[in-house]
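**Q** Let me begin by handing over the structure; questions about it come next.
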Amino acid sequence: MDQLRSFEPGDIPQIVALRRQAFRHSSQASDAALALYYRTLFFENPWRDERYPSLVQEGAAGEILGFVGAIPRPMLLGEERLTAVTAAELMVAPETRGLVGLKLLRRLFDGAQHLTFSDRTNEKGRALFEGLGGSAALWYSLYWSVSLDGSQISFDTAIAGGRRNVAVRALRRACRLLDKLSRGSINQNRVATRDEPLTPETVMGLMRKLAGKNTLVPEYDARSFGWLMQWLAATRKFERVMTAQVIHDGQPIGCFVYATRQDGEVDVIQLAALPGREGLTFDHLIRHALSNGARVLRGRLDRRFALLISERGLPLTLGQPWTVVRSGRPDVTAQLLNGNAFLSRLDAEWWIDA
């Protein structure tokens with residue numbers, strides 16, 4: 001009898017086989033490595049809560065035809081504690097594409113969480129979210145690049161298919177304007193800053209300062225932040241993971257987390273700064289990355305850094321990948337649609353690398 005039910009540890013071998021069918025690429029070379037990966041990710045993460053289960057769709061013979069992972073994450077909206085669920089690793093058997101994916105997402109959306117989102121979604125995934133009442137969060141679907149070795153980076157606003165709405169057209173026009181203004185140079189502040197090792201306490205303190213009355217932010221503790229750093233360090237696509245807090249006049253004003261690749265490209269994973277200290281923090285990030293052999297920096301746009309990114313004329317890419325969101329609370333949805341929430345690549349699906 002077919003049924004949609006919670007994911008259990010005994011299902012892992014079938015999920016491994018399903019992933020090999022559904023996706024061509026995996027960073028896990030062997031089935032045993034992929035099985036351990038899924039056990040750690042979904043059953044040993046520091047936020048695991050049986051109220052927010054990952055889901056599988058069984059066929060009539062008990063075979064698993066589809067899967068969607070659920071990773072709950074604590075959030076703060078002012079003083080209110082909320083739970084967000086990251087929708088991860090949605091996959092279905094090739095012969096059942098369509099209805100199975102919709103059923104899995106619909107059940108996931110009906111869970112007890114206040115918010116469901118993903119930041120690693122392609123056009124098909126975006127269409128699934130929007131078909132079930134979700135939205136593309138455009139602010140969190142914009143990506144900037146900085147060339148540190150003099151090579152030219154062009155703006156890329158191409159979107160494969162998808163609907164053309166007013167917001168997308170406006171972003172295209174803005175990107176074309178930035179393209180005309182760009183000169184490939186980086187103007188840096190010359191105010192003295194230094195860095196110190198980043199601690200979970202620093203991150204938590206910055207989040208509390210950023211969490212105004214109407215700002216959605218992740219709620220970290222030492223255990224969960226440390227677990228994320230260990231996970232990133234074990235990711236094979238990265239050569240090193242670098243973290244630092246930025247100090248000015250003896251006080252922390254921001255922090256960053258980035259990962260380097262062998263080709264000199266850098267993924268900026270988290271970038272946070274106190275109001276008015278965005279430029280100092282961003283420029284210290286550039287100097288830090290340069291000292292570690294960076295050739296190109298790439299990151300996701302945060303609205304707090306948008307003016308700085310615009311003034312520097314940095315190239316932008318839209319929707320590669322998309323961030324999508326669904327919530328039954330309009331005030332929570334608005335946090336992501338207007339770019340007010342602080343959500344880094346540590347806070348949804350981006351850091352997952354199966």
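As shown in the structure tokens, the chain order sets the letters A, B, ...; within each chain, residues go from 1, and ligands are also counted from 1 in the order they appear.
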Counting only C-alpha atoms, which residues of segment 238-343 of chain A sit at most 12 Å from some atom of segment 200-215 of chain A, and what is each one's closest atom pair with its distance in Å to one decimal, listed by chain and rising residue number, as a tab-separated table?
**A**
```
residue	atom	partner	partner_atom	distance
A:Thr243	CA	A:Val203	CA	10.8
A:Ala244	CA	A:Thr202	CA	9.7
A:Gln245	CA	A:Thr202	CA	7.5
A:Val246	CA	A:Thr202	CA	10.2
A:Ile247	CA	A:Thr202	CA	11.2
A:Gln251	CA	A:Thr202	CA	10.8
A:Pro252	CA	A:Thr202	CA	7.9
A:Ile253	CA	A:Leu206	CA	8.3
A:Gly254	CA	A:Leu206	CA	7.3
A:Cys255	CA	A:Val203	CA	7.4
A:Phe256	CA	A:Val203	CA	9.4
A:Val257	CA	A:Val203	CA	10.5
A:Gln270	CA	A:Val203	CA	10.2
A:Leu271	CA	A:Val203	CA	10.5
A:Ala272	CA	A:Leu206	CA	7.7
A:Ala273	CA	A:Leu206	CA	7.7
A:Leu274	CA	A:Leu210	CA	7.2
A:Pro275	CA	A:Leu210	CA	8.3
A:Arg304	CA	A:Leu210	CA	10.6
A:Asp331	CA	A:Asn214	CA	9.1
A:Val332	CA	A:Thr215	CA	9.5
A:Thr333	CA	A:Thr215	CA	11.7
A:Ala334	CA	A:Asn214	CA	10.3
A:Gln335	CA	A:Thr215	CA	7.1
A:Leu336	CA	A:Thr215	CA	9.8
A:Asn338	CA	A:Thr215	CA	10.8
A:Gly339	CA	A:Thr215	CA	9.6
A:Asn340	CA	A:Thr215	CA	6.0
A:Ala341	CA	A:Thr215	CA	5.4
A:Phe342	CA	A:Thr215	CA	7.3
A:Leu343	CA	A:Thr215	CA	10.4
```
**Q** Could you please take those selected residues and save N, CA, C and O atoms as a tab-separated table (two decimals), in the first residue's frame?
**A**
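Printed below is result.tsv as written:
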```
chain	number	residue	atom	x	y	z
A	243	THR	N	37.25	32.15	8.81
A	243	THR	CA	36.30	32.94	9.59
A	243	THR	C	37.05	34.04	10.33
A	243	THR	O	38.22	33.89	10.68
A	244	ALA	N	36.37	35.15	10.56
A	244	ALA	CA	36.98	36.25	11.32
A	244	ALA	C	35.91	37.22	11.79
A	244	ALA	O	34.86	37.36	11.15
A	245	GLN	N	36.18	37.87	12.90
A	245	GLN	CA	35.39	39.03	13.29
A	245	GLN	C	36.23	40.26	13.03
A	245	GLN	O	37.46	40.24	13.19
A	246	VAL	N	35.58	41.33	12.60
A	246	VAL	CA	36.27	42.57	12.23
A	246	VAL	C	36.19	43.53	13.41
A	246	VAL	O	35.10	43.79	13.95
A	247	ILE	N	37.35	44.08	13.78
A	247	ILE	CA	37.45	44.96	14.95
A	247	ILE	C	37.81	46.37	14.49
A	247	ILE	O	38.73	46.57	13.68
A	251	GLN	N	36.25	47.46	19.10
A	251	GLN	CA	34.94	46.83	19.19
A	251	GLN	C	34.65	46.01	17.94
A	251	GLN	O	35.01	46.42	16.82
A	252	PRO	N	33.98	44.85	18.09
A	252	PRO	CA	33.58	44.09	16.90
A	252	PRO	C	32.49	44.83	16.13
A	252	PRO	O	31.51	45.29	16.71
A	253	ILE	N	32.69	44.99	14.81
A	253	ILE	CA	31.71	45.69	13.98
A	253	ILE	C	31.10	44.78	12.92
A	253	ILE	O	30.15	45.17	12.24
A	254	GLY	N	31.65	43.59	12.76
A	254	GLY	CA	31.13	42.67	11.75
A	254	GLY	C	31.88	41.36	11.78
A	254	GLY	O	32.79	41.16	12.59
A	255	CYS	N	31.47	40.46	10.90
A	255	CYS	CA	32.14	39.17	10.82
A	255	CYS	C	31.92	38.59	9.43
A	255	CYS	O	31.04	39.05	8.68
A	256	PHE	N	32.72	37.59	9.08
A	256	PHE	CA	32.53	36.92	7.80
A	256	PHE	C	33.01	35.47	7.89
A	256	PHE	O	33.84	35.12	8.72
A	257	VAL	N	32.41	34.68	7.02
A	257	VAL	CA	32.81	33.29	6.82
A	257	VAL	C	32.92	33.09	5.32
A	257	VAL	O	32.00	33.46	4.57
A	270	GLN	N	28.90	33.86	4.82
A	270	GLN	CA	28.19	34.77	5.73
A	270	GLN	C	28.96	36.07	5.82
A	270	GLN	O	30.19	36.08	5.94
A	271	LEU	N	28.22	37.18	5.76
A	271	LEU	CA	28.80	38.51	5.88
A	271	LEU	C	27.82	39.37	6.65
A	271	LEU	O	26.68	39.56	6.21
A	272	ALA	N	28.23	39.83	7.81
A	272	ALA	CA	27.33	40.62	8.66
A	272	ALA	C	28.08	41.82	9.22
A	272	ALA	O	29.29	41.74	9.48
A	273	ALA	N	27.38	42.92	9.37
A	273	ALA	CA	28.00	44.13	9.90
A	273	ALA	C	26.95	44.95	10.65
A	273	ALA	O	25.76	44.92	10.33
A	274	LEU	N	27.42	45.69	11.65
A	274	LEU	CA	26.54	46.62	12.34
A	274	LEU	C	26.15	47.75	11.39
A	274	LEU	O	26.89	48.07	10.44
A	275	PRO	N	25.01	48.37	11.61
A	275	PRO	CA	24.59	49.49	10.73
A	275	PRO	C	25.66	50.56	10.63
A	275	PRO	O	26.23	51.00	11.64
A	304	ARG	N	21.33	44.99	3.25
A	304	ARG	CA	22.10	45.96	4.02
A	304	ARG	C	23.38	46.38	3.31
A	304	ARG	O	23.95	47.42	3.61
A	331	ASP	N	3.38	38.31	7.71
A	331	ASP	CA	4.48	39.12	8.24
A	331	ASP	C	5.82	38.40	8.08
A	331	ASP	O	6.86	39.03	7.87
A	332	VAL	N	5.79	37.06	8.16
A	332	VAL	CA	7.02	36.30	7.99
A	332	VAL	C	7.42	36.27	6.51
A	332	VAL	O	8.59	36.46	6.16
A	333	THR	N	6.45	36.03	5.64
A	333	THR	CA	6.73	36.05	4.20
A	333	THR	C	7.32	37.40	3.79
A	333	THR	O	8.28	37.46	3.01
A	334	ALA	N	6.76	38.48	4.32
A	334	ALA	CA	7.23	39.81	3.95
A	334	ALA	C	8.68	40.03	4.32
A	334	ALA	O	9.40	40.77	3.64
A	335	GLN	N	9.15	39.38	5.38
A	335	GLN	CA	10.54	39.53	5.78
A	335	GLN	C	11.49	39.13	4.66
A	335	GLN	O	12.53	39.76	4.46
A	336	LEU	N	11.15	38.07	3.93
A	336	LEU	CA	12.01	37.62	2.85
A	336	LEU	C	11.72	38.33	1.54
A	336	LEU	O	12.64	38.58	0.75
A	338	ASN	N	10.80	41.44	1.16
A	338	ASN	CA	11.32	42.82	1.15
A	338	ASN	C	12.80	42.88	1.52
A	338	ASN	O	13.36	43.98	1.62
A	339	GLY	N	13.44	41.73	1.73
A	339	GLY	CA	14.86	41.70	2.01
A	339	GLY	C	15.24	42.09	3.42
A	339	GLY	O	16.43	42.31	3.70
A	340	ASN	N	14.27	42.14	4.32
A	340	ASN	CA	14.55	42.60	5.68
A	340	ASN	C	15.21	41.53	6.54
A	340	ASN	O	15.96	41.83	7.46
A	341	ALA	N	14.93	40.26	6.27
A	341	ALA	CA	15.49	39.17	7.08
A	341	ALA	C	16.99	39.07	6.87
A	341	ALA	O	17.51	39.35	5.79
A	342	PHE	N	17.70	38.67	7.93
A	342	PHE	CA	19.12	38.36	7.77
A	342	PHE	C	19.23	36.84	7.61
A	342	PHE	O	19.06	36.08	8.57
A	343	LEU	N	19.50	36.42	6.40
A	343	LEU	CA	19.66	35.00	6.10
A	343	LEU	C	20.91	34.82	5.26
A	343	LEU	O	20.98	35.33	4.15
```
**Q** Set the distance at 7 Å and use only C-alpha atoms: which residues neighbour segment 67-75 of chain A once local chain neighbours fewer than 5 positions away are removed? I'd like the list as a count of residues only.
**A** 26
**Q** Could you check how far atom CA of Thr323 of chain A sits from atom CA of Glu349 of chain A, in Å to one decimal?
**A**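 Here the two named atoms are 9.5 Å from each other.
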**Q** Using the chain letters and numbers from this document, which residues of segment 255-348 of chain A does DSSP assign to helix (DSSP H, G or I), as a PyMOL selection string?
**A** chain A and resi 278-291+303-312+330-337
**Q** In Å, rounded to a single decimal, give me how far atom CA of Val16 of chain A is from atom CA of Val100 of chain A.
**A**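 Interatomic distance here is 17.7 Å.
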**Q** Compare A:Thr281, A:Gln230, A:Thr116, A:Ser327 by their minimum atom-to-atom distance to Asn45 of chain A, counting only C-alpha atoms, and give me the closest one.
**A** A:Gln230
**Q** Rounded to one decimal in Å, what is the spacing between atom CA of Arg312 of chain A and atom CA of Arg300 of chain A?
**A**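 Interatomic distance here is 15.3 Å.
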**Q** Please determine, counting only C-alpha atoms, which residue among A:Gly111, A:Gly150, A:Gly66, A:Gly299 has the shortest atom-to-atom distance to Arg97 of chain A.
**A**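 With only C-alpha atoms as the atom set, the closest residue is A:Gly66.
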**Q** Select, from A:Asp2, A:Arg51, A:Asp31, A:Glu95, the residue with the minimum atom-to-atom distance to Glu63 of chain A, counting only C-alpha atoms.
**A**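 Closest to Glu63 of chain A, using only C-alpha atoms: A:Asp2.
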**Q** Measuring between only C-alpha atoms, which one of A:His248, A:Tyr143, A:Arg24, A:Leu102 shows the shortest distance to Ala127 of chain A?
**A**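 Ranked by minimum distance to Ala127 of chain A, first place goes to A:Leu102.
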**Q** Which one is closest to Phe7 of chain A: A:His25, A:Glu278, A:Ser30, A:Ile64? Count only C-alpha atoms.
**A** A:Ile64
